[in-house]
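Visitor: Below is one structure. I have some questions about it.
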Amino acid sequence: MSGGGAVTAEPQEPELREPALQEPELREPALQEPELREPALQAPEEERLQLSGRQEEEAAAVAVEPDPDPNPDPNPAPAPQLPAPGGCCPCAIPNENAETKKKASCPGLGLFYALLSAFFFSVASLLVKKIQDIHSTEISAFRCVFQMLFILPFLMYKKTGFVGPKGKRIFLLFRGIFGSTAMILLYYAFQLMPIADATVITFTTPVFTSLFACIYLKEKYSFWDLLFTLFAIAGVLLIARPPFLFGSNTAEIEDDHSHHLKGALAAVGSALCGALTLVILRKVGKSVHYLLSIWYYLVIGLLECVIALFVLGEWRLPHCGLDRLYLILIALLGLGGQIFITRALQIEKAGPVSIMKTMDVVFAFILQIIFLHKIPTWWTIGGALCVVTSSSGAVIRNWYNNSKVSHQS
């Protein structure tokens with residue numbers, strides 16, 4: 001250490017080993033490849049190709065790496081450094097992927113999907129009301145057939161399959177049963193009572209969702225949930241106005257009062273089935289492609305409609321071309337509504353989506369006044385306030401509780 005030669009040799013050693021210290025920096029993009037290529041998890045064959053290519057690159061790097069020189073150059077050239085991610089080279093892929101991921105998680109996108117779904121379903125309900133010569137079950141069957149024709153090519157393109165994962169098939173089966181039953185009952189209610197009344201009754205769905213979530217998802221059912229349920233029942237009674245409570249005060253009810261009561265019962269049944277559908281969709285989550293979920297809904301719905309039409313003997317072809325156009329539009333609007341509400345539930349929490357779905361009531365009132373020239377009664381408005389208040393309160397409370405739990409964890 002005290003000799004002059006030893007003093008000059010010590011500062012040269014770090015310079016000789018500096019390229020070796022920079023080797024991890026050279027190979028840093030290779031370490032980042034699994035994170036950059038995370039979407040390839042859905043394509044096993046492509047992933048194997050990427051892994052084999054990465055192994056070949058590493059093997060080539062090992063083969064090219066020179067052996068240590070016994071007489072190293074005292075002034076070695078600095079090792080070339082790769083540009084940082086985001087530079088002007090093919091290694092700039094990380095920023096592109098990050099930007100794509102950022103765009104995919106656009107705030108409010110799920111709520112916008114829910115709003116589009118509400119509008120599409122409201123227009124479809126108006127068209128169902130316009131068709132009075134065809135049974136609601138047959139309308140549902142036509143809708144399932146047309147939507148299957150549109151969904152099938154996308155299923156084949158996405159290669160999602162037609163049966164789904166083994167652990168999720170039972171949930172998809174019940175999703176199809178309850179979803180299609182809700183559709184048939186809702187169309188039946190639209191034909192028997194004003195679309196605004198039927199739409200308001202179906203908005204008891206969030207209240208029933210809290211109840212079913214307590215039963216099947218083991219969520220807490222509190223005093224507030226019970227209070228919201230009572231408010232929803234009061235709103236339904238104001239709209240249905242059963243004779244044993246309101247006597248003969250049914251002058252403002254459209255057509256026959258018995259039809260109005262049947263429509264109200266059908267709307268309540270549709271709300272119950274819709275609540276079960278929402279619970280199942282949240283249970284399945286993103287583990288199943290939303291197109292496959294809609295496929296189950298359509299196939300099982302078509303089977304239900306065919307069996308019901310065979311039993312009822314109500315099959316008949318539409319008489320005029322306008323009714324046929326309405327059937328096609330109902331199918332297209334129903335398909336759009338299903339896609340948007342399913343996507344909304346997959347990328348957004350159920351609370352905000354359910355709140356945005358209250359726009360169904362607003363659209364129903366507007367369309368009924370403009371196109372059917374029927375002014376909602378004060379009974380309907382009072383019932384709508386009760387139902388919307390109860391459903392919104394239940395949704396906001398559940399959303400608040402879930403947010404508080406997530407912050408604590």
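Lettering and numbering for the structure tokens are positional, with chains as A, B, ... in the shown order, residues counted from 1 in each chain, and ligands counted from 1 in the shown order.
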Taking 4 positions as the minimum chain separation for residues in the same chain, which residues sit within 9 Å of range 274-287 of chain A when counting only C-alpha atoms? Answer as a PyMOL selection string.

Guide: chain A and resi 165+168+171-172+174-179+181-183+202+204-213+216-217+269-270+293+342+345-347+350

Visitor: Taking N, CA, C and O atoms for each residue, export the selection above as a tab-separated table (two decimals), in the first residue's frame.

Guide:
chain	number	residue	atom	x	y	z
A	165	PRO	N	-65.33	-20.76	-18.71
A	165	PRO	CA	-64.51	-21.55	-17.79
A	165	PRO	C	-65.36	-22.52	-16.97
A	165	PRO	O	-66.54	-22.27	-16.71
A	168	LYS	N	-67.12	-21.21	-13.82
A	168	LYS	CA	-68.05	-20.10	-13.99
A	168	LYS	C	-69.29	-20.48	-14.79
A	168	LYS	O	-70.19	-19.64	-14.95
A	171	PHE	N	-72.67	-20.13	-12.96
A	171	PHE	CA	-73.06	-18.73	-12.80
A	171	PHE	C	-73.58	-18.16	-14.12
A	171	PHE	O	-74.56	-17.39	-14.13
A	172	LEU	N	-72.94	-18.52	-15.22
A	172	LEU	CA	-73.42	-18.06	-16.52
A	172	LEU	C	-74.79	-18.63	-16.85
A	172	LEU	O	-75.64	-17.95	-17.46
A	174	PHE	N	-77.22	-19.44	-14.67
A	174	PHE	CA	-78.22	-18.70	-13.92
A	174	PHE	C	-78.31	-17.26	-14.37
A	174	PHE	O	-79.39	-16.65	-14.31
A	175	ARG	N	-77.20	-16.70	-14.84
A	175	ARG	CA	-77.25	-15.35	-15.39
A	175	ARG	C	-78.17	-15.31	-16.60
A	175	ARG	O	-78.96	-14.38	-16.78
A	176	GLY	N	-78.08	-16.33	-17.46
A	176	GLY	CA	-78.95	-16.40	-18.62
A	176	GLY	C	-80.41	-16.59	-18.24
A	176	GLY	O	-81.31	-15.96	-18.83
A	177	ILE	N	-80.68	-17.44	-17.25
A	177	ILE	CA	-82.06	-17.71	-16.84
A	177	ILE	C	-82.72	-16.46	-16.26
A	177	ILE	O	-83.81	-16.04	-16.68
A	178	PHE	N	-82.05	-15.85	-15.29
A	178	PHE	CA	-82.65	-14.69	-14.63
A	178	PHE	C	-82.69	-13.47	-15.56
A	178	PHE	O	-83.66	-12.70	-15.53
A	179	GLY	N	-81.65	-13.30	-16.38
A	179	GLY	CA	-81.64	-12.15	-17.28
A	179	GLY	C	-82.73	-12.22	-18.33
A	179	GLY	O	-83.42	-11.23	-18.59
A	181	THR	N	-85.53	-14.02	-18.16
A	181	THR	CA	-86.83	-13.92	-17.50
A	181	THR	C	-87.17	-12.48	-17.17
A	181	THR	O	-88.33	-12.04	-17.33
A	182	ALA	N	-86.18	-11.71	-16.73
A	182	ALA	CA	-86.41	-10.29	-16.46
A	182	ALA	C	-86.82	-9.56	-17.73
A	182	ALA	O	-87.71	-8.68	-17.70
A	183	MET	N	-86.21	-9.90	-18.86
A	183	MET	CA	-86.56	-9.25	-20.12
A	183	MET	C	-87.99	-9.56	-20.52
A	183	MET	O	-88.77	-8.66	-20.91
A	202	THR	N	-89.38	-1.22	-11.87
A	202	THR	CA	-88.15	-2.01	-12.04
A	202	THR	C	-86.97	-1.38	-11.33
A	202	THR	O	-85.94	-2.04	-11.14
A	204	THR	N	-86.79	-0.79	-8.33
A	204	THR	CA	-86.60	-1.41	-7.03
A	204	THR	C	-85.47	-2.44	-7.07
A	204	THR	O	-85.15	-3.05	-6.04
A	205	THR	N	-84.86	-2.62	-8.22
A	205	THR	CA	-83.78	-3.60	-8.37
A	205	THR	C	-82.62	-3.38	-7.39
A	205	THR	O	-82.16	-4.34	-6.76
A	206	PRO	N	-82.10	-2.15	-7.19
A	206	PRO	CA	-81.01	-1.99	-6.22
A	206	PRO	C	-81.38	-2.41	-4.81
A	206	PRO	O	-80.54	-2.93	-4.06
A	207	VAL	N	-82.66	-2.17	-4.42
A	207	VAL	CA	-83.09	-2.57	-3.09
A	207	VAL	C	-83.06	-4.08	-2.96
A	207	VAL	O	-82.57	-4.64	-1.97
A	208	PHE	N	-83.58	-4.77	-3.96
A	208	PHE	CA	-83.55	-6.23	-3.94
A	208	PHE	C	-82.12	-6.75	-4.08
A	208	PHE	O	-81.80	-7.83	-3.56
A	209	THR	N	-81.28	-5.98	-4.77
A	209	THR	CA	-79.88	-6.41	-4.90
A	209	THR	C	-79.20	-6.44	-3.53
A	209	THR	O	-78.42	-7.36	-3.24
A	210	SER	N	-79.48	-5.45	-2.69
A	210	SER	CA	-78.91	-5.46	-1.33
A	210	SER	C	-79.36	-6.68	-0.55
A	210	SER	O	-78.58	-7.30	0.18
A	211	LEU	N	-80.63	-7.04	-0.71
A	211	LEU	CA	-81.16	-8.21	0.00
A	211	LEU	C	-80.50	-9.50	-0.49
A	211	LEU	O	-80.06	-10.34	0.31
A	212	PHE	N	-80.40	-9.65	-1.81
A	212	PHE	CA	-79.80	-10.86	-2.37
A	212	PHE	C	-78.29	-10.91	-2.10
A	212	PHE	O	-77.72	-12.00	-1.93
A	213	ALA	N	-77.65	-9.75	-2.08
A	213	ALA	CA	-76.23	-9.72	-1.75
A	213	ALA	C	-75.99	-10.16	-0.31
A	213	ALA	O	-74.98	-10.81	-0.01
A	216	TYR	N	-76.56	-14.18	-0.63
A	216	TYR	CA	-75.63	-14.99	-1.43
A	216	TYR	C	-74.17	-14.53	-1.32
A	216	TYR	O	-73.26	-15.35	-1.45
A	217	LEU	N	-73.96	-13.24	-1.12
A	217	LEU	CA	-72.59	-12.74	-1.01
A	217	LEU	C	-72.19	-12.43	0.42
A	217	LEU	O	-71.09	-11.91	0.65
A	269	GLY	N	-91.60	-8.74	-10.70
A	269	GLY	CA	-90.85	-9.96	-11.01
A	269	GLY	C	-89.61	-9.69	-11.84
A	269	GLY	O	-88.55	-10.29	-11.62
A	270	SER	N	-89.72	-8.74	-12.77
A	270	SER	CA	-88.55	-8.36	-13.56
A	270	SER	C	-87.47	-7.73	-12.69
A	270	SER	O	-86.27	-7.97	-12.88
A	293	SER	N	-70.96	-13.65	-21.62
A	293	SER	CA	-72.08	-13.48	-20.70
A	293	SER	C	-73.36	-13.16	-21.45
A	293	SER	O	-74.44	-13.71	-21.15
A	342	THR	N	-73.02	-4.27	-19.18
A	342	THR	CA	-72.07	-5.30	-18.75
A	342	THR	C	-70.67	-4.72	-18.65
A	342	THR	O	-69.94	-4.99	-17.68
A	345	LEU	N	-70.38	-2.49	-15.53
A	345	LEU	CA	-70.24	-3.22	-14.28
A	345	LEU	C	-68.87	-3.86	-14.15
A	345	LEU	O	-68.42	-4.14	-13.04
A	346	GLN	N	-68.19	-4.10	-15.26
A	346	GLN	CA	-66.88	-4.72	-15.21
A	346	GLN	C	-65.77	-3.71	-14.92
A	346	GLN	O	-64.73	-4.08	-14.37
A	347	ILE	N	-65.95	-2.45	-15.28
A	347	ILE	CA	-64.89	-1.47	-15.09
A	347	ILE	C	-65.25	-0.42	-14.05
A	347	ILE	O	-64.43	0.44	-13.74
A	350	ALA	N	-70.53	-1.16	-8.63
A	350	ALA	CA	-71.97	-1.28	-8.84
A	350	ALA	C	-72.72	-0.05	-8.34
A	350	ALA	O	-73.78	0.29	-8.89

Visitor: Hey, can you check how far CA of Tyr297 in chain A sits from CA of Ile366 in chain A?

Guide: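 Interatomic distance here is 29.1 Å.
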
Visitor: One number please: CA of Phe190 in chain A to CA of Leu116 in chain A, in Å, one decimal.

Guide: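 One can read the CA of Phe190 in chain A to CA of Leu116 in chain A distance as 20.3 Å.
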
Visitor: What lies within 12 Å of range 319-335 of chain A using only C-alpha atoms, ignoring chain neighbours under 5 positions off, as a ChimeraX atom specification?

Guide: /A:116-136,138-151,180,183,187,290-291,294-295,297-298,340-342

Visitor: Go through A:Phe203, A:Trp315, A:Trp224, A:Tyr157 and flag the residue nearest Asp360 in chain A, using only C-alpha atoms for the distances.

Guide: A:Phe203

Visitor: Would you work out the distance separating CA of Leu226 in chain A from CA of Lys349 in chain A, expressed in Å to one decimal?

Guide: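 Rounded to one decimal, the two atoms are 22.1 Å apart.
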